[in-house]
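Enquirer: Okay, so here is start.pdb, and as you'll see once you scroll down, it has PDB, C-alpha atoms and all ligand atoms.
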MODEL        1
ATOM      1  CA  MET O   1     -40.104  -2.715  -0.608
ATOM      2  CA  ALA O   2     -38.359  -2.218  -3.917
ATOM      3  CA  THR O   3     -34.733  -3.127  -3.934
ATOM      4  CA  SER O   4     -32.543  -1.336  -6.397
ATOM      5  CA  PRO O   5     -30.137  -3.405  -8.507
ATOM      6  CA  ASN O   6     -26.788  -4.078  -6.944
ATOM      7  CA  PRO O   7     -24.454  -1.329  -8.185
ATOM      8  CA  PHE O   8     -21.452  -3.560  -7.545
ATOM      9  CA  ILE O   9     -22.370  -5.881 -10.386
ATOM     10  CA  GLN O  10     -19.685  -5.707 -13.042
ATOM     11  CA  ALA O  11     -20.235  -5.281 -16.748
ATOM     12  CA  ASP O  12     -19.794  -9.025 -17.148
ATOM     13  CA  GLY O  13     -22.755  -9.589 -14.832
ATOM     14  CA  LYS O  14     -20.718 -11.341 -12.165
ATOM     15  CA  LYS O  15     -22.230 -10.981  -8.718
ATOM     16  CA  PRO O  16     -19.749  -9.570  -6.226
ATOM     17  CA  THR O  17     -19.043 -11.376  -2.978
ATOM     18  CA  CYS O  18     -19.514  -9.657   0.374
ATOM     19  CA  MET O  19     -15.775  -9.378   0.737
ATOM     20  CA  GLU O  20     -15.320  -7.777  -2.638
ATOM     21  CA  MET O  21     -17.929  -5.158  -1.795
ATOM     22  CA  LEU O  22     -16.427  -4.600   1.616
ATOM     23  CA  GLN O  23     -12.967  -4.057   0.200
ATOM     24  CA  THR O  24     -14.212  -1.547  -2.353
ATOM     25  CA  ILE O  25     -15.918   0.441   0.383
ATOM     26  CA  LEU O  26     -13.026   0.192   2.811
ATOM     27  CA  ASP O  27     -10.481   1.484   0.328
ATOM     28  CA  GLY O  28     -12.559   4.433  -0.788
ATOM     29  CA  GLU O  29     -12.980   3.011  -4.282
ATOM     30  CA  ALA O  30     -16.777   2.936  -4.160
ATOM     31  CA  THR O  31     -19.203   5.250  -5.908
ATOM     32  CA  ASP O  32     -21.884   7.081  -3.904
ATOM     33  CA  GLU O  33     -24.431   4.606  -5.172
ATOM     34  CA  GLN O  34     -22.330   1.679  -4.004
ATOM     35  CA  ARG O  35     -21.850   3.238  -0.580
ATOM     36  CA  VAL O  36     -25.585   3.657  -0.088
ATOM     37  CA  TYR O  37     -26.204   0.107  -1.226
ATOM     38  CA  PHE O  38     -23.569  -1.324   1.072
ATOM     39  CA  LYS O  39     -24.879   0.580   4.082
ATOM     40  CA  GLN O  40     -28.256  -1.044   3.568
ATOM     41  CA  HIS O  41     -26.612  -4.387   2.951
ATOM     42  CA  MET O  42     -24.799  -4.206   6.292
ATOM     43  CA  ASP O  43     -28.107  -3.798   8.101
ATOM     44  CA  HIS O  44     -28.986  -7.367   7.317
ATOM     45  CA  CYS O  45     -25.581  -8.937   6.803
ATOM     46  CA  MET O  46     -23.961  -9.560  10.155
ATOM     47  CA  PRO O  47     -20.625 -10.878   8.799
ATOM     48  CA  CYS O  48     -20.180  -7.710   6.734
ATOM     49  CA  TYR O  49     -21.088  -5.507   9.645
ATOM     50  CA  LYS O  50     -18.578  -7.227  11.942
ATOM     51  CA  GLU O  51     -15.852  -7.428   9.358
ATOM     52  CA  TYR O  52     -16.301  -3.804   8.379
ATOM     53  CA  ASN O  53     -15.692  -2.625  11.918
ATOM     54  CA  VAL O  54     -12.674  -4.877  12.339
ATOM     55  CA  ASP O  55     -11.220  -3.699   9.043
ATOM     56  CA  ILE O  56     -11.672  -0.054   9.933
ATOM     57  CA  ALA O  57     -10.030  -0.660  13.306
ATOM     58  CA  ILE O  58      -7.047  -2.338  11.636
ATOM     59  CA  LYS O  59      -6.700   0.491   9.155
ATOM     60  CA  GLU O  60      -6.680   2.998  12.003
ATOM     61  CA  LEU O  61      -4.214   0.950  13.990
ATOM     62  CA  LEU O  62      -1.884   0.722  11.009
ATOM     63  CA  LYS O  63      -2.018   4.448  10.472
ATOM     64  CA  ALA O  64      -1.430   5.199  14.117
ATOM     65  CA  LYS O  65       1.387   2.722  14.650
ATOM     66  CA  CYS O  66       3.213   2.230  11.379
ATOM     67  CA  CYS O  67       3.410   5.663   9.791
ATOM     68  CA  GLY O  68       5.570   7.260  12.392
ATOM     69  CA  GLY O  69       9.250   7.816  12.247
ATOM     70  CA  ASN O  70      10.472  10.862  10.442
ATOM     71  CA  CYS O  71      13.461  10.344   8.258
ATOM     72  CA  PRO O  72      16.802  10.905  10.006
ATOM     73  CA  ASP O  73      17.928  14.467  10.558
ATOM     74  CA  GLY O  74      20.240  15.650   7.895
ATOM     75  CA  LEU O  75      19.148  13.232   5.191
ATOM     76  CA  ALA O  76      17.342  15.935   3.233
ATOM     77  CA  ASP O  77      20.376  18.228   3.415
ATOM     78  CA  GLN O  78      22.673  15.390   2.446
ATOM     79  CA  ILE O  79      20.603  14.702  -0.646
ATOM     80  CA  LYS O  80      20.487  18.369  -1.624
ATOM     81  CA  ALA O  81      24.241  18.678  -1.179
ATOM     82  CA  LYS O  82      24.824  15.679  -3.448
ATOM     83  CA  ILE O  83      22.591  17.132  -6.099
ATOM     84  CA  ASN O  84      24.223  20.519  -5.985
ATOM     85  CA  SER O  85      27.662  19.000  -6.299
ATOM     86  CA  THR O  86      26.682  16.931  -9.338
ATOM     87  CA  SER O  87      24.602  19.525 -11.145
ATOM     88  CA  ALA O  88      27.101  22.343 -10.613
TER      89      ALA O  88
ATOM     90  CA  MET U   1      10.769  -3.509 -15.233
ATOM     91  CA  GLU U   2      12.932  -0.396 -15.392
ATOM     92  CA  ILE U   3      11.031   2.878 -15.491
ATOM     93  CA  GLU U   4      10.924   4.601 -18.818
ATOM     94  CA  TYR U   5      13.018   7.629 -18.051
ATOM     95  CA  GLU U   6      12.409   9.383 -21.302
ATOM     96  CA  PRO U   7      12.723  13.101 -20.994
ATOM     97  CA  ARG U   8       9.438  14.594 -22.084
ATOM     98  CA  GLN U   9       9.812  18.021 -20.495
ATOM     99  CA  HIS U  10      12.389  20.733 -20.635
ATOM    100  CA  TYR U  11      13.132  22.531 -17.435
ATOM    101  CA  SER U  12      15.593  25.279 -16.645
ATOM    102  CA  GLU U  13      17.963  24.787 -13.725
ATOM    103  CA  SER U  14      15.801  26.916 -11.472
ATOM    104  CA  GLU U  15      12.652  25.070 -12.503
ATOM    105  CA  LYS U  16      14.358  21.797 -11.670
ATOM    106  CA  GLN U  17      15.316  23.070  -8.250
ATOM    107  CA  ASN U  18      11.813  24.305  -7.772
ATOM    108  CA  ILE U  19      10.171  21.005  -8.616
ATOM    109  CA  PHE U  20      12.672  19.108  -6.542
ATOM    110  CA  ASN U  21      12.248  21.244  -3.453
ATOM    111  CA  ASN U  22       8.523  21.853  -3.630
ATOM    112  CA  GLU U  23       7.143  18.710  -5.200
ATOM    113  CA  PHE U  24       9.641  15.982  -4.308
ATOM    114  CA  MET U  25      11.142  16.842  -0.951
ATOM    115  CA  PRO U  26       7.862  17.159   0.975
ATOM    116  CA  HIS U  27       7.442  13.371   0.571
ATOM    117  CA  ILE U  28      10.742  12.464   2.207
ATOM    118  CA  HIS U  29       9.175  11.185   5.434
ATOM    119  CA  SER U  30       6.710   8.927   3.635
ATOM    120  CA  MET U  31       9.518   7.767   1.384
ATOM    121  CA  TYR U  32      11.690   6.936   4.336
ATOM    122  CA  ASN U  33       8.904   5.039   6.008
ATOM    123  CA  PHE U  34       8.305   3.085   2.804
ATOM    124  CA  GLY U  35      12.013   2.330   2.508
ATOM    125  CA  TYR U  36      12.166   1.240   6.092
ATOM    126  CA  ARG U  37       9.115  -1.005   5.830
ATOM    127  CA  LEU U  38      10.565  -2.632   2.730
ATOM    128  CA  THR U  39      14.094  -3.207   3.975
ATOM    129  CA  LEU U  40      13.376  -3.338   7.724
ATOM    130  CA  ASP U  41      16.712  -1.631   8.242
ATOM    131  CA  ARG U  42      17.191   2.057   8.969
ATOM    132  CA  ASP U  43      20.513   2.415   7.170
ATOM    133  CA  ASP U  44      19.271   0.595   4.099
ATOM    134  CA  ALA U  45      16.185   2.781   4.136
ATOM    135  CA  LYS U  46      18.365   5.873   4.177
ATOM    136  CA  ASP U  47      20.408   4.644   1.218
ATOM    137  CA  LEU U  48      17.293   3.701  -0.687
ATOM    138  CA  VAL U  49      15.715   7.108  -0.147
ATOM    139  CA  GLN U  50      18.888   8.885  -1.146
ATOM    140  CA  ASP U  51      19.270   6.775  -4.311
ATOM    141  CA  THR U  52      15.656   7.429  -5.169
ATOM    142  CA  TYR U  53      15.985  11.192  -4.854
ATOM    143  CA  LEU U  54      19.182  11.248  -6.879
ATOM    144  CA  LYS U  55      17.485   9.239  -9.607
ATOM    145  CA  ALA U  56      14.428  11.470  -9.438
ATOM    146  CA  TYR U  57      16.632  14.490  -9.998
ATOM    147  CA  ARG U  58      18.580  12.873 -12.793
ATOM    148  CA  PHE U  59      15.383  11.953 -14.606
ATOM    149  CA  ILE U  60      13.387  14.982 -13.589
ATOM    150  CA  GLU U  61      12.551  15.786 -17.216
ATOM    151  CA  SER U  62      10.503  12.625 -17.457
ATOM    152  CA  PHE U  63       8.337  13.977 -14.653
ATOM    153  CA  GLN U  64       5.558  16.311 -15.598
ATOM    154  CA  LYS U  65       5.354  19.235 -13.242
ATOM    155  CA  GLY U  66       2.208  19.322 -11.138
ATOM    156  CA  THR U  67       1.337  15.648 -11.620
ATOM    157  CA  ASN U  68       1.415  12.995  -8.911
ATOM    158  CA  ALA U  69       4.955  13.354  -7.596
ATOM    159  CA  LYS U  70       4.387  11.053  -4.659
ATOM    160  CA  ALA U  71       3.315   8.126  -6.831
ATOM    161  CA  TRP U  72       6.199   8.786  -9.209
ATOM    162  CA  LEU U  73       8.729   8.789  -6.358
ATOM    163  CA  PHE U  74       7.241   5.685  -4.766
ATOM    164  CA  ARG U  75       7.540   3.903  -8.084
ATOM    165  CA  ILE U  76      11.209   4.778  -8.391
ATOM    166  CA  LEU U  77      11.860   3.661  -4.833
ATOM    167  CA  LYS U  78      10.042   0.392  -5.368
ATOM    168  CA  ASN U  79      12.028  -0.288  -8.550
ATOM    169  CA  SER U  80      15.302   0.583  -6.853
ATOM    170  CA  PHE U  81      14.404  -1.788  -4.081
ATOM    171  CA  ILE U  82      13.719  -4.624  -6.497
ATOM    172  CA  ASN U  83      16.622  -4.000  -8.834
ATOM    173  CA  ASP U  84      19.360  -2.880  -6.503
ATOM    174  CA  TYR U  85      18.511  -3.962  -3.046
ATOM    175  CA  ARG U  86      16.487  -7.111  -3.236
ATOM    176  CA  LYS U  87      19.121  -8.823  -5.361
ATOM    177  CA  LYS U  88      21.623  -8.450  -2.570
ATOM    178  CA  SER U  89      19.291  -9.482   0.194
ATOM    179  CA  LYS U  90      18.086 -12.827   1.309
ATOM    180  CA  GLU U  91      14.423 -12.043   0.787
ATOM    181  CA  PRO U  92      12.599 -15.210  -0.235
ATOM    182  CA  SER U  93      11.485 -15.352  -3.829
ATOM    183  CA  LYS U  94       8.104 -14.105  -4.887
ATOM    184  CA  VAL U  95       4.986 -15.871  -3.779
ATOM    185  CA  ASP U  96       3.035 -17.736  -6.366
ATOM    186  CA  TYR U  97       0.510 -15.140  -7.457
ATOM    187  CA  GLN U  98      -1.153 -17.521  -9.806
ATOM    188  CA  GLU U  99      -2.233 -19.451  -6.791
ATOM    189  CA  VAL U 100      -3.298 -16.297  -5.003
ATOM    190  CA  GLU U 101      -5.556 -15.157  -7.790
ATOM    191  CA  THR U 102      -7.204 -18.509  -8.166
ATOM    192  CA  TYR U 103      -7.793 -18.431  -4.477
ATOM    193  CA  TYR U 104      -9.422 -15.045  -4.681
ATOM    194  CA  ASN U 105     -11.574 -15.835  -7.651
ATOM    195  CA  SER U 106     -12.780 -19.150  -6.374
ATOM    196  CA  GLU U 107     -16.163 -19.744  -4.861
ATOM    197  CA  GLU U 108     -14.422 -20.775  -1.698
ATOM    198  CA  VAL U 109     -13.673 -17.184  -0.810
ATOM    199  CA  ASP U 110     -16.811 -16.392   1.101
ATOM    200  CA  ARG U 111     -16.554 -19.493   3.196
ATOM    201  CA  GLN U 112     -12.812 -19.070   3.590
ATOM    202  CA  ILE U 113     -13.793 -16.285   5.910
ATOM    203  CA  THR U 114     -11.085 -14.233   7.553
ATOM    204  CA  PRO U 115     -10.057 -15.123  11.079
ATOM    205  CA  ASP U 116     -12.587 -13.973  13.587
ATOM    206  CA  LEU U 117     -10.982 -10.968  15.167
ATOM    207  CA  ARG U 118     -12.697  -8.549  17.469
ATOM    208  CA  VAL U 119     -12.463  -4.800  17.609
ATOM    209  CA  GLU U 120     -11.982  -4.974  21.389
ATOM    210  CA  SER U 121      -8.875  -7.091  21.085
ATOM    211  CA  LEU U 122      -7.462  -4.677  18.515
ATOM    212  CA  LYS U 123      -8.012  -1.799  20.912
ATOM    213  CA  ASP U 124      -5.614  -3.447  23.343
ATOM    214  CA  MET U 125      -2.829  -3.614  20.806
ATOM    215  CA  ILE U 126      -1.143  -0.485  21.958
ATOM    216  CA  GLY U 127       2.418  -1.700  21.523
ATOM    217  CA  ASP U 128       4.316  -2.943  18.493
ATOM    218  CA  GLU U 129       1.930  -5.785  17.695
ATOM    219  CA  ILE U 130       0.575  -4.309  14.487
ATOM    220  CA  SER U 131       3.966  -3.124  13.341
ATOM    221  CA  ASN U 132       5.509  -6.535  13.965
ATOM    222  CA  ALA U 133       2.626  -8.250  12.236
ATOM    223  CA  LEU U 134       3.060  -6.018   9.201
ATOM    224  CA  ASN U 135       6.815  -6.514   9.097
ATOM    225  CA  ALA U 136       6.384 -10.261   9.283
ATOM    226  CA  LEU U 137       4.448 -10.381   6.021
ATOM    227  CA  ASP U 138       6.148 -11.296   2.769
ATOM    228  CA  VAL U 139       7.449  -8.106   1.191
ATOM    229  CA  ASP U 140       4.944  -8.096  -1.686
ATOM    230  CA  PHE U 141       2.034  -8.340   0.696
ATOM    231  CA  ARG U 142       3.575  -5.791   3.026
ATOM    232  CA  THR U 143       3.953  -3.388   0.127
ATOM    233  CA  VAL U 144       0.277  -3.268  -0.838
ATOM    234  CA  ILE U 145      -0.752  -2.627   2.754
ATOM    235  CA  ILE U 146       1.763   0.183   3.071
ATOM    236  CA  LEU U 147       0.616   1.806  -0.148
ATOM    237  CA  CYS U 148      -3.084   1.454   0.544
ATOM    238  CA  ASP U 149      -3.542   1.699   4.286
ATOM    239  CA  LEU U 150      -0.587   3.827   5.337
ATOM    240  CA  GLU U 151      -0.213   6.084   2.337
ATOM    241  CA  GLY U 152      -3.757   6.118   1.038
ATOM    242  CA  PHE U 153      -2.948   5.477  -2.614
ATOM    243  CA  LYS U 154      -5.868   4.570  -4.864
ATOM    244  CA  TYR U 155      -5.890   1.207  -6.651
ATOM    245  CA  GLU U 156      -5.087   2.884  -9.945
ATOM    246  CA  GLU U 157      -2.032   4.592  -8.466
ATOM    247  CA  MET U 158      -0.915   1.361  -6.844
ATOM    248  CA  ALA U 159      -1.222  -0.440 -10.150
ATOM    249  CA  LYS U 160       1.130   2.098 -11.704
ATOM    250  CA  ILE U 161       3.590   2.082  -8.826
ATOM    251  CA  LEU U 162       3.771  -1.703  -8.823
ATOM    252  CA  ASP U 163       3.352  -2.318 -12.562
ATOM    253  CA  ILE U 164       0.530  -4.782 -12.019
ATOM    254  CA  PRO U 165      -3.127  -4.801 -13.133
ATOM    255  CA  ILE U 166      -5.767  -3.344 -10.814
ATOM    256  CA  GLY U 167      -7.309  -6.782 -10.370
ATOM    257  CA  THR U 168      -4.019  -8.012  -8.990
ATOM    258  CA  VAL U 169      -3.841  -5.030  -6.645
ATOM    259  CA  ARG U 170      -7.235  -5.992  -5.281
ATOM    260  CA  SER U 171      -6.505  -9.655  -4.856
ATOM    261  CA  ARG U 172      -3.065  -9.102  -3.370
ATOM    262  CA  LEU U 173      -4.496  -6.614  -0.907
ATOM    263  CA  HIS U 174      -7.226  -9.006   0.053
ATOM    264  CA  ARG U 175      -4.764 -11.803   0.671
ATOM    265  CA  ALA U 176      -2.379  -9.498   2.519
ATOM    266  CA  ARG U 177      -5.101  -8.390   4.904
ATOM    267  CA  ASN U 178      -6.108 -11.946   5.643
ATOM    268  CA  LEU U 179      -2.533 -12.842   6.478
ATOM    269  CA  LEU U 180      -2.245  -9.766   8.669
ATOM    270  CA  LYS U 181      -5.435 -10.726  10.490
ATOM    271  CA  GLU U 182      -4.133 -14.209  11.100
ATOM    272  CA  LYS U 183      -1.073 -12.743  12.762
ATOM    273  CA  LEU U 184      -3.117 -10.289  14.776
ATOM    274  CA  LYS U 185      -5.346 -13.066  15.874
ATOM    275  CA  SER U 186      -2.459 -15.011  17.286
ATOM    276  CA  TYR U 187      -1.343 -11.903  19.189
ATOM    277  CA  ALA U 188      -4.846 -11.480  20.511
ATOM    278  CA  LYS U 189      -4.820 -15.076  21.694
ATOM    279  CA  SER U 190      -1.533 -14.607  23.485
ATOM    280  CA  MET U 191      -3.001 -11.532  25.142
ATOM    281  CA  GLY U 192      -5.701 -13.672  26.670
ATOM    282  CA  TYR U 193      -8.555 -13.211  24.259
ATOM    283  CA  ASN U 194      -9.550 -16.788  23.871
ATOM    284  CA  ASN U 195     -12.261 -16.031  21.440
ATOM    285  CA  ALA U 196     -10.347 -13.240  19.767
TER     286      ALA U 196
HETATM  287 ZN    ZN V 201     -22.412  -9.053   3.408
ENDMDL
END
Represent the supplied structure as C-alpha cells.
Expert:
Amino acid sequence: MATSPNPFIQADGKKPTCMEMLQTILDGEATDEQRVYFKQHMDHCMPCYKEYNVDIAIKELLKAKCCGGNCPDGLADQIKAKINSTSA
Amino acid sequence: MEIEYEPRQHYSESEKQNIFNNEFMPHIHSMYNFGYRLTLDRDDAKDLVQDTYLKAYRFIESFQKGTNAKAWLFRILKNSFINDYRKKSKEPSKVDYQEVETYYNSEEVDRQITPDLRVESLKDMIGDEISNALNALDVDFRTVIILCDLEGFKYEEMAKILDIPIGTVRSRLHRARNLLKEKLKSYAKSMGYNNA
C-alpha cells in the first residue's frame, strides 16, 4: 500500500497538524490533491472525522442563523438620495 | 490604516452611477449584516453602512470596475468601524495577537484539542444560541468568522480586507472557532447534554 507524500507539507518542510489540514479543507482553501489526501486521512483519524463533522455543522448553523436580517427598508433609497444631492 | 483612495480610474457620471447601482448596491444586505455584527446595534449599523456607501461613491475612481466590489466595500466598512466608530465605543482593546500566534504555532495545539462538541447537540440549537455565542466573541474574532463562515471570503480576500497577513487570518480564525465552540459547549451543557 503505497502512500503518497502529504500534499499539505509546506515548502519549509514543516509537517501540518491535523487541525491545520482540517481548517484548510473546511474553508475551501485546499487543492484537489489535498482534499483526496484528507479524505483518506479521515478514514483512520477519528478526531479529524469527528471534528470535521462538528465544524461543518457549526458553519451551517452560522449561515442559517446569523446571515439573516435584510437591511432596513428605505436605507438604499436614503443613500442614493444623499449621493444625488451631493453629486448634483 | 486608512485605505489608499488614490483615483486610478476615470469614470463619467453615468459610469459612476452604473458601478454604484450594479456593483455596490447589491451587497447592501451583507454590508448591513456585517455592520450589525460589528456594532451589535441596528442604528449604528445603519449609519456605518450609509457612511461606507458615501465613501465608496466619493472614492469610486480608486475602484476598478469589474473587480471584487464586495471585498472593497467590506474593507471600507471595517476601516470606518475602526476609525470612526470603535473610538467612540467602549469596546475593549485588542487582544494580544502575539500570544495567539505563539499559541497556534506551538506543539501544544494538537493536544489543546477543541472542546468536545457533538453534532447532535448542535442540531438542537434552533434558537439564538449560535448568534449569541458569535456576538459574545471579541470583535476581532467575531470579524474573521463573519467574513469566512457567513460571507465566504477566501483567506486572501480576508487578508486584504483586514490588512493582516494570511497566516494571521488562519490563526485568528482557528482561535475564534475554538472560543465559539467553548461557548456552544456551555449552551449544550445547559440544554442537558452532559457529555456535549
Ligand atoms: Zn487527523
Enquirer: Within 12 Å of ligand ZN 201 (chain V), which residues show up when you count all atoms listed in the file? List them as an MDAnalysis selection string, please.
Expert: (chainID O and resid 16:23 25 37:52) or (chainID U and resid 110:111 113)
Enquirer: Would you mind reading off the distance between atom CA of Phe74 of chain U and atom CA of Thr52 of chain U, one decimal, in Å?
Expert: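 Interatomic distance, atom CA of Phe74 of chain U to atom CA of Thr52 of chain U: 8.6 Å.
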Enquirer: Could you work out how far atom CA of Ser80 of chain U lies from atom CA of Ile28 of chain U, giving the answer in Å with one decimal?
Expert: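 Atom CA of Ser80 of chain U lies 15.6 Å from atom CA of Ile28 of chain U.
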Enquirer: Taking only C-alpha atoms into account, which residues of chain O are within 10 Å of chain U, as a ChimeraX atom specification?
Expert: /O:17-20,23-24,26-29,47,50-51,53-72,75-76,78-80,82-84,86-88
Enquirer: Would you mind reading off the distance between atom CA of Phe141 of chain U and atom CA of Ala176 of chain U, one decimal, in Å?
Expert: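 Distance reported for this atom pair: 4.9 Å.
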Enquirer: Please report, as AutoDock Vina command-line options, the centre and edge lengths in Å to one decimal of an axis-aligned box covering all listed atoms of segment 63-74 of chain O with 3 Å per side.
Expert:
--center_x 9.1 --center_y 8.9 --center_z 11.3 --size_x 28.3 --size_y 19.4 --size_z 12.8
Enquirer: Give me, as an mmCIF file with C-alpha atoms, keeping the file's coordinate frame, all polymer residues having an atom no more than 10 Å from Glu6 of chain U, counting all atoms listed in the file and skipping those fewer than 6 positions away in the same chain.
Expert:
data_model
loop_
_atom_site.group_PDB
_atom_site.id
_atom_site.type_symbol
_atom_site.label_atom_id
_atom_site.label_comp_id
_atom_site.auth_asym_id
_atom_site.auth_seq_id
_atom_site.Cartn_x
_atom_site.Cartn_y
_atom_site.Cartn_z
ATOM 1 C CA PHE U 59 15.383 11.953 -14.606
ATOM 2 C CA ILE U 60 13.387 14.982 -13.589
ATOM 3 C CA GLU U 61 12.551 15.786 -17.216
ATOM 4 C CA SER U 62 10.503 12.625 -17.457
ATOM 5 C CA PHE U 63 8.337 13.977 -14.653
#
Enquirer: Nearest to Ile76 of chain U among U:Lys160, U:Lys16, U:Lys185, U:Arg175, with distances taken over all atoms listed in the file: which residue is it?
Expert: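 Of all the options, U:Lys160 lies closest to Ile76 of chain U.
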